[in-house]
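Data block for protein-v6.cif (mmCIF, C-alpha atoms):
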data_input
#
loop_
_atom_site.group_PDB
_atom_site.id
_atom_site.type_symbol
_atom_site.label_atom_id
_atom_site.label_comp_id
_atom_site.auth_asym_id
_atom_site.auth_seq_id
_atom_site.Cartn_x
_atom_site.Cartn_y
_atom_site.Cartn_z
ATOM 1 C CA MET U 15 -17.485 -10.555 22.684
ATOM 2 C CA PHE U 16 -16.873 -12.292 26.007
ATOM 3 C CA GLY U 17 -19.795 -14.628 25.466
ATOM 4 C CA ARG U 18 -17.727 -16.477 22.941
ATOM 5 C CA LEU U 19 -15.022 -17.192 25.443
ATOM 6 C CA MET U 20 -17.556 -19.094 27.549
ATOM 7 C CA SER U 21 -18.779 -21.214 24.683
ATOM 8 C CA PRO U 22 -17.840 -24.805 25.518
ATOM 9 C CA GLN U 23 -17.462 -25.946 21.898
ATOM 10 C CA SER U 24 -14.865 -23.491 20.700
ATOM 11 C CA SER U 25 -11.234 -24.048 21.476
ATOM 12 C CA LEU U 26 -9.063 -21.455 23.123
ATOM 13 C CA VAL U 27 -6.996 -21.066 19.969
ATOM 14 C CA GLU U 28 -10.066 -20.275 17.861
ATOM 15 C CA ASP U 29 -11.120 -17.723 20.437
ATOM 16 C CA PHE U 30 -7.729 -16.146 20.319
ATOM 17 C CA TRP U 31 -7.902 -15.741 16.555
ATOM 18 C CA HIS U 32 -11.440 -14.489 16.764
ATOM 19 C CA LEU U 33 -10.445 -11.819 19.265
ATOM 20 C CA GLN U 34 -7.436 -10.931 17.175
ATOM 21 C CA ARG U 35 -9.650 -10.435 14.119
ATOM 22 C CA GLU U 36 -12.161 -8.454 16.103
ATOM 23 C CA LEU U 37 -9.434 -6.181 17.419
ATOM 24 C CA ASP U 38 -8.021 -5.737 13.926
ATOM 25 C CA ASP U 39 -11.452 -4.863 12.595
ATOM 26 C CA MET U 40 -12.041 -2.399 15.401
ATOM 27 C CA LEU U 41 -8.709 -0.742 14.752
ATOM 28 C CA ALA U 42 -9.468 -0.531 11.051
ATOM 29 C CA ASP U 43 -13.023 0.668 11.573
ATOM 30 C CA GLY U 44 -11.876 3.284 14.023
ATOM 31 C CA LEU U 45 -10.195 4.988 11.108
ATOM 32 C CA SER U 46 -12.809 4.487 8.447
ATOM 33 C CA SER U 47 -15.792 6.181 10.054
ATOM 34 C CA SER U 48 -16.913 2.972 11.841
ATOM 35 C CA GLY U 49 -17.695 0.510 9.103
ATOM 36 C CA ALA U 50 -19.114 2.807 6.448
ATOM 37 C CA ILE U 51 -21.434 0.887 4.117
ATOM 38 C CA ARG U 52 -19.073 1.392 1.162
ATOM 39 C CA SER U 53 -15.854 0.701 3.074
ATOM 40 C CA SER U 54 -13.515 -2.068 1.897
ATOM 41 C CA PRO U 55 -11.974 -4.764 4.071
ATOM 42 C CA ARG U 56 -8.444 -4.310 5.303
ATOM 43 C CA GLY U 57 -5.740 -5.001 2.781
ATOM 44 C CA SER U 58 -7.921 -4.095 -0.215
ATOM 45 C CA PHE U 59 -6.190 -2.688 -3.268
ATOM 46 C CA PRO U 60 -5.521 0.178 -3.517
ATOM 47 C CA ALA U 61 -4.716 1.371 0.003
ATOM 48 C CA ILE U 62 -6.016 4.840 0.802
ATOM 49 C CA ASN U 63 -4.951 7.556 3.226
ATOM 50 C CA VAL U 64 -6.958 10.717 3.772
ATOM 51 C CA ILE U 65 -5.752 13.882 5.457
ATOM 52 C CA GLN U 66 -7.417 17.191 5.965
ATOM 53 C CA THR U 67 -6.411 20.729 6.693
ATOM 54 C CA PRO U 68 -8.773 23.628 7.432
ATOM 55 C CA ALA U 69 -8.831 24.453 3.700
ATOM 56 C CA GLU U 70 -8.623 21.125 1.905
ATOM 57 C CA VAL U 71 -8.945 17.362 1.942
ATOM 58 C CA GLN U 72 -6.261 15.247 0.289
ATOM 59 C CA VAL U 73 -6.753 11.615 -0.664
ATOM 60 C CA PHE U 74 -3.707 9.433 -1.352
ATOM 61 C CA VAL U 75 -4.449 6.303 -3.361
ATOM 62 C CA PHE U 76 -1.558 3.826 -3.345
ATOM 63 C CA ALA U 77 -1.921 2.341 -6.821
ATOM 64 C CA PRO U 78 1.515 1.376 -8.120
ATOM 65 C CA GLY U 79 1.967 0.263 -11.705
ATOM 66 C CA VAL U 80 -1.385 1.524 -12.922
ATOM 67 C CA ASP U 81 -1.672 3.301 -16.239
ATOM 68 C CA PRO U 82 -3.072 6.734 -15.289
ATOM 69 C CA LYS U 83 -5.276 6.564 -18.408
ATOM 70 C CA LYS U 84 -7.011 3.581 -16.819
ATOM 71 C CA LEU U 85 -7.748 5.428 -13.599
ATOM 72 C CA ASP U 86 -11.176 6.909 -13.140
ATOM 73 C CA VAL U 87 -11.782 9.435 -10.392
ATOM 74 C CA SER U 88 -15.260 10.771 -9.824
ATOM 75 C CA ILE U 89 -17.090 12.646 -7.133
ATOM 76 C CA GLN U 90 -20.796 12.700 -6.587
ATOM 77 C CA GLN U 91 -22.615 14.006 -3.558
ATOM 78 C CA GLY U 92 -19.509 13.895 -1.433
ATOM 79 C CA LEU U 93 -18.612 10.348 -2.424
ATOM 80 C CA LEU U 94 -15.208 10.075 -4.047
ATOM 81 C CA THR U 95 -14.843 6.954 -6.172
ATOM 82 C CA VAL U 96 -11.579 5.723 -7.621
ATOM 83 C CA SER U 97 -11.713 2.823 -10.029
ATOM 84 C CA GLY U 98 -9.414 1.342 -12.591
ATOM 85 C CA GLU U 99 -7.548 -1.672 -13.676
ATOM 86 C CA ARG U 100 -4.078 -2.923 -12.982
ATOM 87 C CA GLN U 101 -2.775 -5.306 -15.587
ATOM 88 C CA ILE U 102 -0.119 -7.698 -14.395
ATOM 89 C CA PRO U 103 1.591 -9.385 -17.313
ATOM 90 C CA VAL U 104 1.738 -13.144 -16.861
ATOM 91 C CA HIS U 105 4.821 -14.845 -18.268
ATOM 92 C CA GLU U 106 3.463 -18.130 -19.462
ATOM 93 C CA GLN U 107 6.856 -19.768 -19.872
ATOM 94 C CA ALA U 108 7.961 -18.881 -16.342
ATOM 95 C CA SER U 109 7.223 -20.755 -13.133
ATOM 96 C CA TYR U 110 5.803 -18.647 -10.335
ATOM 97 C CA TYR U 111 6.801 -18.966 -6.689
ATOM 98 C CA ARG U 112 4.860 -16.008 -5.376
ATOM 99 C CA GLN U 113 1.953 -13.928 -6.665
ATOM 100 C CA GLU U 114 1.118 -11.459 -3.924
ATOM 101 C CA ARG U 115 0.460 -8.420 -6.086
ATOM 102 C CA PHE U 116 -3.102 -7.518 -6.933
ATOM 103 C CA GLY U 117 -4.123 -7.714 -10.570
ATOM 104 C CA GLY U 118 -7.406 -6.835 -12.255
ATOM 105 C CA GLU U 119 -10.142 -4.283 -11.790
ATOM 106 C CA PHE U 120 -10.608 -2.355 -8.584
ATOM 107 C CA ARG U 121 -12.944 0.216 -7.075
ATOM 108 C CA ARG U 122 -12.814 2.103 -3.818
ATOM 109 C CA ALA U 123 -15.077 4.773 -2.460
ATOM 110 C CA ILE U 124 -14.461 7.306 0.275
ATOM 111 C CA SER U 125 -17.198 9.397 1.776
ATOM 112 C CA LEU U 126 -16.132 12.993 2.209
ATOM 113 C CA ALA U 127 -19.558 14.071 3.429
ATOM 114 C CA ASP U 128 -20.890 17.111 1.661
ATOM 115 C CA GLU U 129 -18.117 19.398 2.640
ATOM 116 C CA VAL U 130 -15.949 19.470 -0.477
ATOM 117 C CA ASP U 131 -16.477 21.527 -3.588
ATOM 118 C CA PRO U 132 -16.880 19.084 -6.528
ATOM 119 C CA GLU U 133 -15.828 21.821 -8.963
ATOM 120 C CA ARG U 134 -12.401 22.278 -7.437
ATOM 121 C CA VAL U 135 -10.684 18.917 -7.603
ATOM 122 C CA ASP U 136 -7.173 18.259 -8.785
ATOM 123 C CA ALA U 137 -5.657 14.794 -9.308
ATOM 124 C CA THR U 138 -2.056 13.838 -10.058
ATOM 125 C CA TYR U 139 -0.359 10.444 -10.389
ATOM 126 C CA ARG U 140 3.274 10.156 -9.400
ATOM 127 C CA GLU U 141 5.482 7.256 -8.344
ATOM 128 C CA GLY U 142 2.480 5.008 -8.032
ATOM 129 C CA ILE U 143 0.420 7.293 -5.819
ATOM 130 C CA LEU U 144 -2.689 9.048 -7.036
ATOM 131 C CA ARG U 145 -3.161 12.217 -5.036
ATOM 132 C CA VAL U 146 -6.562 13.898 -5.158
ATOM 133 C CA ARG U 147 -6.819 17.374 -3.675
ATOM 134 C CA LEU U 148 -10.259 18.719 -2.885
ATOM 135 C CA GLN U 149 -11.097 22.159 -1.562
ATOM 136 C CA ARG U 150 -13.429 22.310 1.397
ATOM 137 C CA ARG U 151 -16.476 24.495 1.064
ATOM 138 C CA GLU U 152 -16.226 27.776 2.895
ATOM 139 C CA ALA U 153 -19.179 26.786 5.053
ATOM 140 C CA ALA U 154 -17.464 23.545 6.089
ATOM 141 C CA ARG U 155 -14.206 25.133 7.201
ATOM 142 C CA PRO U 156 -13.636 25.434 10.918
ATOM 143 C CA ARG U 157 -14.300 28.901 12.205
ATOM 144 C CA GLN U 158 -13.241 30.613 15.327
ATOM 145 C CA ILE U 159 -16.252 32.126 17.067
ATOM 146 C CA GLU U 160 -15.454 35.410 18.601
ATOM 147 C CA ILE U 161 -16.626 35.805 22.186
ATOM 148 C CA ARG U 162 -17.857 39.238 22.984
ATOM 149 C CA MET Z 18 -13.871 0.026 25.237
ATOM 150 C CA SER Z 19 -14.426 0.791 21.589
ATOM 151 C CA THR Z 20 -13.744 4.475 22.275
ATOM 152 C CA ASN Z 21 -10.323 3.586 23.629
ATOM 153 C CA VAL Z 22 -9.563 1.434 20.636
ATOM 154 C CA ASN Z 23 -10.605 4.258 18.327
ATOM 155 C CA GLU Z 24 -8.302 6.601 20.153
ATOM 156 C CA VAL Z 25 -5.442 4.170 19.803
ATOM 157 C CA ALA Z 26 -6.160 3.868 16.077
ATOM 158 C CA ARG Z 27 -6.300 7.617 15.658
ATOM 159 C CA ARG Z 28 -3.044 8.054 17.518
ATOM 160 C CA GLN Z 29 -1.441 5.486 15.240
ATOM 161 C CA ALA Z 30 -2.681 7.303 12.153
ATOM 162 C CA ASP Z 31 -1.440 10.617 13.517
ATOM 163 C CA GLY Z 32 1.881 8.976 14.352
ATOM 164 C CA ALA Z 33 2.259 7.621 10.832
ATOM 165 C CA MET Z 34 1.525 11.040 9.410
ATOM 166 C CA ALA Z 35 3.940 12.726 11.817
ATOM 167 C CA GLN Z 36 6.594 10.288 10.670
ATOM 168 C CA ALA Z 37 5.700 11.000 7.074
ATOM 169 C CA ARG Z 38 6.493 14.638 7.783
ATOM 170 C CA GLY Z 39 9.967 13.630 8.915
ATOM 171 C CA GLY Z 40 9.579 12.905 12.609
ATOM 172 C CA ARG Z 41 11.780 10.169 14.038
ATOM 173 C CA THR Z 42 9.851 7.504 15.871
ATOM 174 C CA ALA Z 43 10.378 3.773 15.715
ATOM 175 C CA GLU Z 44 8.057 2.463 13.034
ATOM 176 C CA SER Z 45 7.397 -0.948 11.612
ATOM 177 C CA ALA Z 46 8.127 -1.431 7.944
ATOM 178 C CA ILE Z 47 5.543 -2.436 5.362
ATOM 179 C CA ARG Z 48 6.164 -5.817 3.763
ATOM 180 C CA ALA Z 49 5.990 -4.890 0.090
ATOM 181 C CA PRO Z 50 3.802 -7.399 -1.816
ATOM 182 C CA ALA Z 51 5.910 -9.266 -4.343
ATOM 183 C CA ASP Z 52 5.714 -11.642 -7.290
ATOM 184 C CA VAL Z 53 8.618 -14.001 -7.961
ATOM 185 C CA TYR Z 54 9.023 -16.073 -11.085
ATOM 186 C CA GLU Z 55 11.739 -18.073 -12.773
ATOM 187 C CA ASP Z 56 12.614 -18.711 -16.375
ATOM 188 C CA PRO Z 57 15.549 -20.695 -17.774
ATOM 189 C CA ASP Z 58 17.869 -17.664 -17.590
ATOM 190 C CA GLY Z 59 17.082 -16.284 -14.170
ATOM 191 C CA ILE Z 60 14.660 -15.174 -11.492
ATOM 192 C CA THR Z 61 12.585 -11.990 -11.555
ATOM 193 C CA LEU Z 62 11.165 -10.275 -8.502
ATOM 194 C CA VAL Z 63 8.492 -7.591 -8.793
ATOM 195 C CA ALA Z 64 7.538 -5.603 -5.677
ATOM 196 C CA ASP Z 65 5.003 -2.843 -5.031
ATOM 197 C CA MET Z 66 6.519 0.208 -3.357
ATOM 198 C CA PRO Z 67 4.181 3.103 -4.128
ATOM 199 C CA GLY Z 68 5.568 6.535 -3.327
ATOM 200 C CA VAL Z 69 9.196 5.486 -3.415
ATOM 201 C CA SER Z 70 11.504 7.405 -5.730
ATOM 202 C CA ARG Z 71 14.840 6.156 -7.089
ATOM 203 C CA GLU Z 72 16.734 8.324 -4.622
ATOM 204 C CA ARG Z 73 14.938 6.728 -1.691
ATOM 205 C CA LEU Z 74 15.236 3.149 -2.825
ATOM 206 C CA SER Z 75 17.975 0.751 -1.803
ATOM 207 C CA VAL Z 76 18.512 -2.651 -3.421
ATOM 208 C CA ARG Z 77 21.521 -4.462 -2.049
ATOM 209 C CA VAL Z 78 23.012 -7.895 -1.681
ATOM 210 C CA ASP Z 79 24.633 -8.713 1.617
ATOM 211 C CA GLY Z 80 26.188 -12.161 1.547
ATOM 212 C CA ASP Z 81 23.393 -14.331 0.163
ATOM 213 C CA THR Z 82 20.593 -11.936 1.170
ATOM 214 C CA LEU Z 83 18.847 -9.551 -1.179
ATOM 215 C CA LEU Z 84 17.516 -6.598 0.799
ATOM 216 C CA LEU Z 85 14.992 -4.127 -0.600
ATOM 217 C CA GLU Z 86 14.252 -0.931 1.287
ATOM 218 C CA GLY Z 87 12.399 2.180 0.273
ATOM 219 C CA THR Z 88 11.007 5.260 1.933
ATOM 220 C CA VAL Z 89 7.888 7.152 0.933
ATOM 221 C CA GLN Z 90 8.097 10.880 0.918
ATOM 222 C CA PHE Z 91 4.837 12.670 1.435
ATOM 223 C CA GLU Z 92 4.752 16.389 1.000
ATOM 224 C CA LEU Z 93 2.085 17.109 3.537
ATOM 225 C CA PRO Z 94 0.728 20.558 4.198
ATOM 226 C CA GLU Z 95 1.054 22.140 7.604
ATOM 227 C CA GLN Z 96 -1.852 21.448 9.971
ATOM 228 C CA ALA Z 97 -2.584 18.169 8.208
ATOM 229 C CA GLU Z 98 -4.664 15.814 10.299
ATOM 230 C CA ALA Z 99 -5.059 12.122 9.457
ATOM 231 C CA VAL Z 100 -8.674 11.172 8.803
ATOM 232 C CA HIS Z 101 -8.121 7.662 7.453
ATOM 233 C CA ALA Z 102 -4.898 5.668 7.110
ATOM 234 C CA ASP Z 103 -4.617 2.243 5.477
ATOM 235 C CA VAL Z 104 -0.882 2.886 5.192
ATOM 236 C CA ARG Z 105 0.601 3.420 8.644
ATOM 237 C CA SER Z 106 4.290 3.488 7.826
ATOM 238 C CA ARG Z 107 6.422 5.135 5.192
ATOM 239 C CA LEU Z 108 9.091 2.453 5.158
ATOM 240 C CA TYR Z 109 9.017 -0.632 2.920
ATOM 241 C CA ARG Z 110 11.324 -3.526 3.606
ATOM 242 C CA ARG Z 111 11.616 -6.991 2.141
ATOM 243 C CA SER Z 112 14.419 -9.513 2.028
ATOM 244 C CA PHE Z 113 15.053 -12.779 0.228
ATOM 245 C CA VAL Z 114 17.769 -15.378 0.506
ATOM 246 C CA LEU Z 115 19.384 -15.917 -2.877
ATOM 247 C CA SER Z 116 20.541 -19.242 -4.172
ATOM 248 C CA ARG Z 117 24.074 -19.909 -5.358
ATOM 249 C CA GLU Z 118 23.378 -20.191 -9.058
ATOM 250 C CA LEU Z 119 22.282 -16.539 -9.247
ATOM 251 C CA ASP Z 120 24.964 -14.106 -10.329
ATOM 252 C CA SER Z 121 24.668 -11.305 -7.770
ATOM 253 C CA ALA Z 122 27.106 -9.115 -9.725
ATOM 254 C CA GLN Z 123 24.662 -9.056 -12.646
ATOM 255 C CA ILE Z 124 21.495 -8.109 -10.746
ATOM 256 C CA GLN Z 125 19.561 -5.290 -12.385
ATOM 257 C CA ALA Z 126 16.833 -3.216 -10.781
ATOM 258 C CA THR Z 127 14.325 -0.860 -12.376
ATOM 259 C CA LEU Z 128 11.683 1.286 -10.738
ATOM 260 C CA LYS Z 129 8.601 2.616 -12.507
ATOM 261 C CA ASP Z 130 5.408 4.065 -11.069
ATOM 262 C CA GLY Z 131 6.135 2.611 -7.643
ATOM 263 C CA VAL Z 132 6.861 -0.891 -8.956
ATOM 264 C CA LEU Z 133 10.339 -2.318 -8.445
ATOM 265 C CA THR Z 134 11.567 -5.052 -10.787
ATOM 266 C CA VAL Z 135 14.735 -6.950 -9.902
ATOM 267 C CA ARG Z 136 16.187 -9.286 -12.483
ATOM 268 C CA MET Z 137 18.635 -11.886 -11.179
ATOM 269 C CA PRO Z 138 20.322 -13.846 -13.969
ATOM 270 C CA LYS Z 139 21.717 -17.305 -13.393
ATOM 271 C CA ARG Z 140 25.432 -17.823 -13.822
ATOM 272 C CA ALA Z 141 25.962 -18.834 -17.428
ATOM 273 C CA GLU Z 142 27.806 -22.037 -16.503
ATOM 274 C CA LEU Z 143 25.049 -23.102 -14.119
ATOM 275 C CA ARG Z 144 22.019 -22.646 -16.336
ATOM 276 C CA ALA Z 145 20.057 -25.794 -16.853
ATOM 277 C CA ARG Z 146 20.724 -27.112 -20.286
ATOM 278 C CA LYS Z 147 18.165 -28.933 -22.247
ATOM 279 C CA ILE Z 148 19.671 -32.030 -23.745
ATOM 280 C CA GLU Z 149 18.417 -32.664 -27.165
ATOM 281 C CA VAL Z 150 17.616 -36.265 -27.865
ATOM 282 C CA LYS Z 151 18.568 -37.133 -31.337
ATOM 283 C CA GLY Z 152 16.833 -39.800 -33.243
ATOM 284 C CA SER Z 153 18.845 -42.262 -35.201
#

Re-express the file's structure as structure tokens.
Amino acid sequence: MFGRLMSPQSSLVEDFWHLQRELDDMLADGLSSSGAIRSSPRGSFPAINVIQTPAEVQVFVFAPGVDPKKLDVSIQQGLLTVSGERQIPVHEQASYYRQERFGGEFRRAISLADEVDPERVDATYREGILRVRLQRREAARPRQIEIR
Amino acid sequence: MSTNVNEVARRQADGAMAQARGGRTAESAIRAPADVYEDPDGITLVADMPGVSRERLSVRVDGDTLLLEGTVQFELPEQAEAVHADVRSRLYRRSFVLSRELDSAQIQATLKDGVLTVRMPKRAELRARKIEVKGS
């Protein structure tokens, strides 16, 4: 990381941006189990938050304006995959100034290790957020070990 | 060093979740992604605000500024711990400067599945008129 700063060819500004990106990546990776092989770059659609309690894992998928019928949620060997399509109508007669919203097909995968029970999954879509609730296996729940 | 950065990231995620539960800490707002397009009768703005309900959405015009604000309400269980957080704030904010030909009294907003659509019609007297060229 510091080696780059010494490089005579690169300008200070480029180095600054490089460091900025590296820091951003590190911050992002810190939250997504350090660059998991199936992880998506920052800013990918849809955004995902995951929380856990001793009994369950909840995944929030921020997918506004998606027809729930076009959402596919599956879990296999601890890998939760959410895919679907968001159709953005294009008004041919109109002139566009901004098109920041994502349109098209998407897929995101979150590794939940092997600790959730694939038989007990519940998914609801409300106000543009898909919420998937998964029960943790008994064996995976934290236990207090009694000290004799 | 990377351990420290991870800790910072985790603290941020925990902070965002604490705020989502109703805690009051200064938080930066998310810039809601938006599409803006114009047709002969007006301008339409479409913005993504997932998790925002009608009760927690504010669309207002202040002078020549259109301000959109919305808050996400998570119902999080007790003892919830953040494992991963792409979304680190529960507040969306976006503002646009309107132009004079838009009739701010006629602005209409609709919210569906976390997508806000704001329709801003042009004042009738200021709409561009197409002049028909008649042949002789």

> Can you list, as a ChimeraX atom specification, every protein, DNA or RNA residue that comes within 7 Å of region 50-67 of chain Z when you count only C-alpha atoms, leaving out same-chain residues fewer than 3 positions away?
Replying inline: /U:76-78,107-115,141-143 /Z:109,131-139,144-145

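Among the candidate residues U:Arg140, U:Glu133, U:Pro55, U:Leu94, the one lying nearest to chain Z is U:Arg140, with distances computed using all atoms listed in the file.
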
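Proximity of Z:Ser106, Z:Gln96, Z:Ser116, Z:Ser153 to chain U, computed with only C-alpha atoms, is greatest for Z:Gln96.
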
>> I'd like the neighbourhood of Pro156 (chain U) as a PyMOL selection string, where a residue qualifies if any of its atoms comes within 8 Å (using all atoms listed in the file), though same-chain residues fewer than 2 positions away should be ignored.
In response: chain U and resi 68+154+158

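Residue nearest Val78 (chain Z) within the list Z:Asp130, Z:Glu142, Z:Lys147, Z:Leu119: Z:Leu119 [criterion: smallest interatomic distance, all atoms listed in the file].
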
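Considering all atoms listed in the file, the residue among U:Pro60, U:Gly118, U:Gly79, U:Pro132 positioned nearest to chain Z is U:Gly79.
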
> Z:Glu72, Z:Asp81, Z:Asp103, Z:Glu86: which is nearest chain U, counting all atoms listed in the file?
Replying inline: Z:Asp103

Could you add the missing atoms to region 139-155 of chain U, up to N, CA, C and O atoms, and return them as a JSON list (two decimals), in the coordinates of the input?
[["chain", "number", "residue", "atom", "x", "y", "z"],
["U", 139, "TYR", "N", -0.87, 11.80, -10.63],
["U", 139, "TYR", "CA", -0.36, 10.44, -10.39],
["U", 139, "TYR", "C", 1.15, 10.50, -10.49],
["U", 139, "TYR", "O", 1.70, 10.94, -11.50],
["U", 140, "ARG", "N", 1.81, 10.10, -9.42],
["U", 140, "ARG", "CA", 3.27, 10.16, -9.40],
["U", 140, "ARG", "C", 3.83, 9.03, -8.54],
["U", 140, "ARG", "O", 3.34, 8.82, -7.42],
["U", 141, "GLU", "N", 4.82, 8.34, -9.06],
["U", 141, "GLU", "CA", 5.48, 7.26, -8.34],
["U", 141, "GLU", "C", 4.49, 6.25, -7.74],
["U", 141, "GLU", "O", 4.69, 5.76, -6.63],
["U", 142, "GLY", "N", 3.42, 6.02, -8.48],
["U", 142, "GLY", "CA", 2.48, 5.01, -8.03],
["U", 142, "GLY", "C", 1.45, 5.47, -7.04],
["U", 142, "GLY", "O", 0.67, 4.68, -6.53],
["U", 143, "ILE", "N", 1.45, 6.77, -6.73],
["U", 143, "ILE", "CA", 0.42, 7.29, -5.82],
["U", 143, "ILE", "C", -0.44, 8.31, -6.56],
["U", 143, "ILE", "O", 0.08, 9.25, -7.17],
["U", 144, "LEU", "N", -1.74, 8.07, -6.50],
["U", 144, "LEU", "CA", -2.69, 9.05, -7.04],
["U", 144, "LEU", "C", -3.07, 9.97, -5.88],
["U", 144, "LEU", "O", -3.50, 9.51, -4.82],
["U", 145, "ARG", "N", -2.86, 11.26, -6.10],
["U", 145, "ARG", "CA", -3.16, 12.22, -5.04],
["U", 145, "ARG", "C", -4.30, 13.11, -5.51],
["U", 145, "ARG", "O", -4.18, 13.78, -6.52],
["U", 146, "VAL", "N", -5.40, 13.08, -4.78],
["U", 146, "VAL", "CA", -6.56, 13.90, -5.16],
["U", 146, "VAL", "C", -6.71, 15.01, -4.12],
["U", 146, "VAL", "O", -6.80, 14.73, -2.92],
["U", 147, "ARG", "N", -6.67, 16.23, -4.59],
["U", 147, "ARG", "CA", -6.82, 17.37, -3.68],
["U", 147, "ARG", "C", -8.18, 18.01, -3.88],
["U", 147, "ARG", "O", -8.56, 18.35, -5.00],
["U", 148, "LEU", "N", -8.92, 18.15, -2.81],
["U", 148, "LEU", "CA", -10.26, 18.72, -2.88],
["U", 148, "LEU", "C", -10.34, 19.91, -1.93],
["U", 148, "LEU", "O", -9.85, 19.84, -0.81],
["U", 149, "GLN", "N", -10.94, 20.97, -2.41],
["U", 149, "GLN", "CA", -11.10, 22.16, -1.56],
["U", 149, "GLN", "C", -12.36, 22.02, -0.72],
["U", 149, "GLN", "O", -13.40, 21.59, -1.22],
["U", 150, "ARG", "N", -12.24, 22.35, 0.54],
["U", 150, "ARG", "CA", -13.43, 22.31, 1.40],
["U", 150, "ARG", "C", -14.28, 23.55, 1.14],
["U", 150, "ARG", "O", -13.76, 24.63, 0.85],
["U", 151, "ARG", "N", -15.57, 23.36, 1.24],
["U", 151, "ARG", "CA", -16.48, 24.50, 1.06],
["U", 151, "ARG", "C", -16.23, 25.48, 2.19],
["U", 151, "ARG", "O", -15.95, 25.08, 3.32],
["U", 152, "GLU", "N", -16.41, 26.73, 1.88],
["U", 152, "GLU", "CA", -16.23, 27.78, 2.90],
["U", 152, "GLU", "C", -17.04, 27.45, 4.16],
["U", 152, "GLU", "O", -16.55, 27.55, 5.26],
["U", 153, "ALA", "N", -18.28, 27.02, 3.92],
["U", 153, "ALA", "CA", -19.18, 26.79, 5.05],
["U", 153, "ALA", "C", -18.70, 25.64, 5.93],
["U", 153, "ALA", "O", -19.04, 25.56, 7.11],
["U", 154, "ALA", "N", -17.89, 24.73, 5.33],
["U", 154, "ALA", "CA", -17.46, 23.54, 6.09],
["U", 154, "ALA", "C", -16.15, 23.77, 6.83],
["U", 154, "ALA", "O", -15.71, 22.93, 7.60],
["U", 155, "ARG", "N", -15.50, 24.89, 6.55],
["U", 155, "ARG", "CA", -14.21, 25.13, 7.20],
["U", 155, "ARG", "C", -14.41, 25.51, 8.66],
["U", 155, "ARG", "O", -15.37, 26.19, 9.00]]
